[in-house]
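Engineer: My questions will all concern the structure given below.
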Amino acid sequence: MPNIIAKAISTIARTALIPLCATSLKDFFYLVFYSLIRLAAIPLYYLNSDFYNKFLRAVHNALPDIVIKTKCGRFFCAAGTDSISFALPIYEKELTKFLEKSFNDGGVFIDAGAHIGRYSIMLGRKFGNRGQVLALEPSPATFNFLEKNIKLNNIGNIRAFQNAVLDKNCKANFFVSKESGMNSLFNSPADGIKIKVSCKRLDDLVKEKKIFPKDVSLIKIDVEGAPDKVLLGAEEILKKSRAKIIFEALDNEELVKCKNILERFGYKIDENVFDNINFFAEKVDRKI
């Protein structure tokens, strides 16, 4: 119970600060409205999370286009979409905090499932001329927001590609949901629309872009299913680099598959860095 209370208090405090992300007076008033609505809905989250998500979707549909500014960067949040949920500081705060403190030496960051560019932009700004970002997002609508946000932040070291990531180069069915965070190659949401997308192996992508596998410093995998297939398409990178890996596994079966692959390349997985679906892996020096 004390943990739930502490979490609720923290959520209330972060939600109340949402209006500070406004980039104009008009957007400030919209964000005041949005934060008040979210504060009022907090009890729903603990009582019925499904109803809470439906309620929040209705609120997003009522919002106009908004541009917000956070520590990660500036983001265009389109009217009638859930993009604001992924741009605000209240989203994945532990992962955000971790990335703020890490990866100061630059390198190459591969963002598989870049979405609207939260982490691509954050690390693109952080790397500067010490590195670059490859941002991959297959959804046409979300990819447009990604490109818009890269331009909005005037970052020149991010290259965006409208590709999904797999263990083979191919065309595949992709399911697009009204909730953009549910878009997936493998999981078809109830409201999903099926389209065809191009899929790339990460090993082939870095080769095409004339990047040495050893220069990859970080791979983030958030692809809503089968992260192991992303890793299987990056075996050359895993073999030749000391890239840190952050991956999302939606169930224990996915986690075990990723562990089996990563351990072959000398990686150790830490399950307690972020939350119950995001995991961190890094190479460990083998004792002789």
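Identifiers for the structure tokens are assigned positionally: chains receive A, B, ... in sequence, residues are indexed from 1 per chain, and ligands are indexed from 1 in the order shown.
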List every residue of region 177-251 of chain A that has an atom at most 12 Å from any atom of region 50-66 of chain A, and for each one report the closest atom pair and its distance in Å to one decimal, counting only C-alpha atoms, with rows sorted by chain and then by increasing residue number, as CSV.
Structural biologist:
residue,atom,partner,partner_atom,distance
A:Lys178,CA,A:Arg57,CA,9.1
A:Glu179,CA,A:Arg57,CA,8.1
A:Ser180,CA,A:Arg57,CA,11.1
Engineer: With N, CA and C atoms retained, could you export that selection as a compact mmCIF listing (two decimals), in the first residue's frame?
Structural biologist:
# COMPACT_ATOMS: atom_id res chain seq x y z
N LYS A 178 -5.49 2.61 -33.95
CA LYS A 178 -5.78 3.99 -33.58
C LYS A 178 -4.86 4.43 -32.45
N GLU A 179 -4.43 3.48 -31.62
CA GLU A 179 -3.44 3.76 -30.58
C GLU A 179 -2.08 3.41 -31.17
N SER A 180 -1.30 4.43 -31.53
CA SER A 180 -0.08 4.20 -32.29
C SER A 180 0.94 3.34 -31.55
Engineer: Find the nearest atom pair between each residue of region 178-215 of chain A and region 90-108 of chain A for residues within 10 Å, count only C-alpha atoms, give distances in Å to one decimal, sort rows by chain and ascending number, and present the table as JSON lines.
Structural biologist:
{"residue": "A:Val206", "atom": "CA", "partner": "A:Val108", "partner_atom": "CA", "distance": 9.7}
{"residue": "A:Ile211", "atom": "CA", "partner": "A:Val108", "partner_atom": "CA", "distance": 8.4}
{"residue": "A:Phe212", "atom": "CA", "partner": "A:Val108", "partner_atom": "CA", "distance": 9.5}
{"residue": "A:Pro213", "atom": "CA", "partner": "A:Val108", "partner_atom": "CA", "distance": 9.2}
{"residue": "A:Lys214", "atom": "CA", "partner": "A:Val108", "partner_atom": "CA", "distance": 9.3}
{"residue": "A:Asp215", "atom": "CA", "partner": "A:Gly107", "partner_atom": "CA", "distance": 5.8}
Engineer: Rounded to one decimal in Å, what is the spacing between CA of Ser85 (chain A) and CA of Gly181 (chain A)?
Structural biologist: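 That distance, rounded to one decimal, is 9.6 Å.
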Engineer: What is the CA of Leu205 (chain A) to CA of Lys151 (chain A) distance in Å?
Structural biologist: 22.5 Å
Engineer: According to DSSP computed on the backbone, where in region 86-236 of chain A is there strand (DSSP E or B)? Give the residues as an MDAnalysis selection string.
Structural biologist: chainID A and resid 107:112 131:136 158:161 164:165 170:176 184 193:200 216:221
Engineer: One decimal, Å: what's the distance from CA of Arg242 (chain A) over to CA of Arg201 (chain A), could you say?
Structural biologist: 18.5 Å
Engineer: Near Phe28 (chain A), counting only C-alpha atoms, which residues have an atom at most 12 Å away, once you skip same-chain residues fewer than 4 positions from it, shown as a ChimeraX atom specification?
Structural biologist: /A:17-24,32-35,66-69
Engineer: Quick one: write out the picked residues with C-alpha atoms as a PDB file, in the first residue's frame?
Structural biologist:
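The result, written out as out_38.pdb:
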ATOM      1  CA  LEU A  17       3.615  20.053 -14.223  1.00  0.00           C
ATOM      2  CA  ILE A  18       2.391  19.222 -17.743  1.00  0.00           C
ATOM      3  CA  PRO A  19       1.424  22.857 -18.580  1.00  0.00           C
ATOM      4  CA  LEU A  20       5.099  23.850 -18.197  1.00  0.00           C
ATOM      5  CA  CYS A  21       5.756  21.989 -21.466  1.00  0.00           C
ATOM      6  CA  ALA A  22       3.742  24.537 -23.471  1.00  0.00           C
ATOM      7  CA  THR A  23       5.503  26.491 -26.207  1.00  0.00           C
ATOM      8  CA  SER A  24       2.765  29.129 -26.583  1.00  0.00           C
ATOM      9  CA  VAL A  32      -3.832  23.035 -18.211  1.00  0.00           C
ATOM     10  CA  PHE A  33      -7.098  21.471 -19.370  1.00  0.00           C
ATOM     11  CA  TYR A  34      -5.309  18.233 -20.290  1.00  0.00           C
ATOM     12  CA  SER A  35      -3.463  17.962 -16.970  1.00  0.00           C
ATOM     13  CA  ILE A  66       0.018  21.164 -29.903  1.00  0.00           C
ATOM     14  CA  VAL A  67       3.789  21.670 -29.813  1.00  0.00           C
ATOM     15  CA  ILE A  68       5.408  20.848 -26.484  1.00  0.00           C
ATOM     16  CA  LYS A  69       8.932  21.223 -25.156  1.00  0.00           C
TER      17      LYS A  69
END
Engineer: Measuring between only C-alpha atoms, which one of A:Ile155, A:Ala226, A:Leu134, A:Leu146 shows the shortest distance to Leu185 (chain A)?
Structural biologist: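 Ranking A:Ile155, A:Ala226, A:Leu134, A:Leu146 by distance to Leu185 (chain A), first place goes to A:Ala226.
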Engineer: Running DSSP on the backbone, which parts of region 219-272 of chain A land in helix (DSSP H, G or I), as a PyMOL selection string?
Structural biologist: chain A and resi 227-232+235-240+252-264
Engineer: For Cys170 (chain A), please output as a list of chain:residue names all residues within 12 Å (counting only C-alpha atoms; exclusion window: fewer than 3 positions along the same chain).
Structural biologist: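 The neighbour list is A:Asn163, A:Ala164, A:Val165, A:Leu166, A:Asp167, A:Asn173, A:Lys196, A:Val197, A:Ser198, A:Cys199, A:Lys200, A:Arg201.
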Engineer: Go ahead and write the selection's residues with C-alpha atoms as a JSON list (two decimals), in the first residue's frame.
Structural biologist:
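Wrote again.json, looks like this:
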[["chain", "number", "residue", "atom", "x", "y", "z"],
["A", 163, "ASN", "CA", 11.19, 0.36, -42.14],
["A", 164, "ALA", "CA", 10.22, -2.35, -39.72],
["A", 165, "VAL", "CA", 13.05, -4.48, -38.31],
["A", 166, "LEU", "CA", 13.26, -8.26, -38.65],
["A", 167, "ASP", "CA", 15.67, -11.16, -39.14],
["A", 173, "ASN", "CA", 1.92, -7.33, -43.12],
["A", 196, "LYS", "CA", 2.40, -3.78, -46.22],
["A", 197, "VAL", "CA", 5.73, -2.46, -44.94],
["A", 198, "SER", "CA", 9.40, -2.97, -45.79],
["A", 199, "CYS", "CA", 11.46, -4.90, -43.24],
["A", 200, "LYS", "CA", 15.23, -4.66, -42.74],
["A", 201, "ARG", "CA", 17.91, -6.62, -40.94]]
Engineer: Select, from A:Pro43, A:Lys26, A:Phe265, A:Ile221, the residue with the minimum atom-to-atom distance to Ile110 (chain A), counting only C-alpha atoms.
Structural biologist: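 Of A:Pro43, A:Lys26, A:Phe265, A:Ile221, the one nearest Ile110 (chain A), counting only C-alpha atoms, is A:Ile221.
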Engineer: Choose the residue, out of A:Ala112, A:Leu123, A:Ala141, A:Leu202, that has the smallest atom-to-atom separation from Asn169 (chain A); count only C-alpha atoms.
Structural biologist: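 Smallest distance to Asn169 (chain A) is found for A:Leu202.
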Engineer: Set the distance at 12 Å and use only C-alpha atoms: which residues neighbour Gly113 (chain A) once local chain neighbours fewer than 6 positions away are removed? I'd like the list as a PDB file with C-alpha atoms, in the first residue's frame.
Structural biologist:
ATOM      1  CA  TYR A 119      14.614   8.869 -27.759  1.00  0.00           C
ATOM      2  CA  SER A 120      16.088   9.472 -31.210  1.00  0.00           C
ATOM      3  CA  LEU A 134      19.367   5.612 -37.112  1.00  0.00           C
ATOM      4  CA  ALA A 135      15.631   5.922 -36.410  1.00  0.00           C
ATOM      5  CA  LEU A 136      13.368   3.208 -37.842  1.00  0.00           C
ATOM      6  CA  GLU A 137       9.581   3.517 -37.839  1.00  0.00           C
ATOM      7  CA  PRO A 138       7.320   1.546 -40.234  1.00  0.00           C
ATOM      8  CA  SER A 139       3.930   3.243 -39.726  1.00  0.00           C
ATOM      9  CA  THR A 142       3.897   7.943 -37.270  1.00  0.00           C
ATOM     10  CA  PHE A 143       6.913   8.195 -39.578  1.00  0.00           C
ATOM     11  CA  LEU A 146       9.029  11.428 -36.634  1.00  0.00           C
ATOM     12  CA  ALA A 160      15.092   8.252 -40.360  1.00  0.00           C
ATOM     13  CA  PHE A 161      13.946   5.184 -42.292  1.00  0.00           C
ATOM     14  CA  GLN A 162      10.404   3.993 -42.896  1.00  0.00           C
ATOM     15  CA  ASN A 163      11.188   0.359 -42.142  1.00  0.00           C
ATOM     16  CA  ALA A 164      10.220  -2.353 -39.721  1.00  0.00           C
ATOM     17  CA  VAL A 165      13.055  -4.475 -38.305  1.00  0.00           C
ATOM     18  CA  LEU A 166      13.259  -8.264 -38.652  1.00  0.00           C
ATOM     19  CA  SER A 180      -0.077   4.199 -32.294  1.00  0.00           C
ATOM     20  CA  GLY A 181       1.768   2.485 -29.467  1.00  0.00           C
ATOM     21  CA  MET A 182      -0.033  -0.744 -30.416  1.00  0.00           C
ATOM     22  CA  ASN A 183       1.137  -0.842 -34.060  1.00  0.00           C
ATOM     23  CA  SER A 184       2.762  -4.211 -34.691  1.00  0.00           C
ATOM     24  CA  LEU A 185       3.973  -6.787 -37.199  1.00  0.00           C
ATOM     25  CA  CYS A 199      11.464  -4.903 -43.239  1.00  0.00           C
ATOM     26  CA  ILE A 219      20.212  -0.450 -29.743  1.00  0.00           C
ATOM     27  CA  LYS A 220      16.716   0.195 -28.435  1.00  0.00           C
ATOM     28  CA  ILE A 221      14.070  -2.325 -29.498  1.00  0.00           C
ATOM     29  CA  ASP A 222      10.409  -1.406 -29.051  1.00  0.00           C
ATOM     30  CA  VAL A 223       8.530  -3.273 -31.772  1.00  0.00           C
ATOM     31  CA  GLU A 224       5.428  -4.632 -30.006  1.00  0.00           C
ATOM     32  CA  GLY A 225       6.277  -8.304 -30.363  1.00  0.00           C
ATOM     33  CA  PRO A 227      12.180  -8.556 -30.238  1.00  0.00           C
ATOM     34  CA  VAL A 230      15.330  -7.999 -34.347  1.00  0.00           C
ATOM     35  CA  ILE A 246      17.418  -1.919 -24.327  1.00  0.00           C
ATOM     36  CA  PHE A 247      14.537  -4.123 -25.397  1.00  0.00           C
ATOM     37  CA  GLU A 248      10.852  -4.514 -24.702  1.00  0.00           C
TER      38      GLU A 248
END
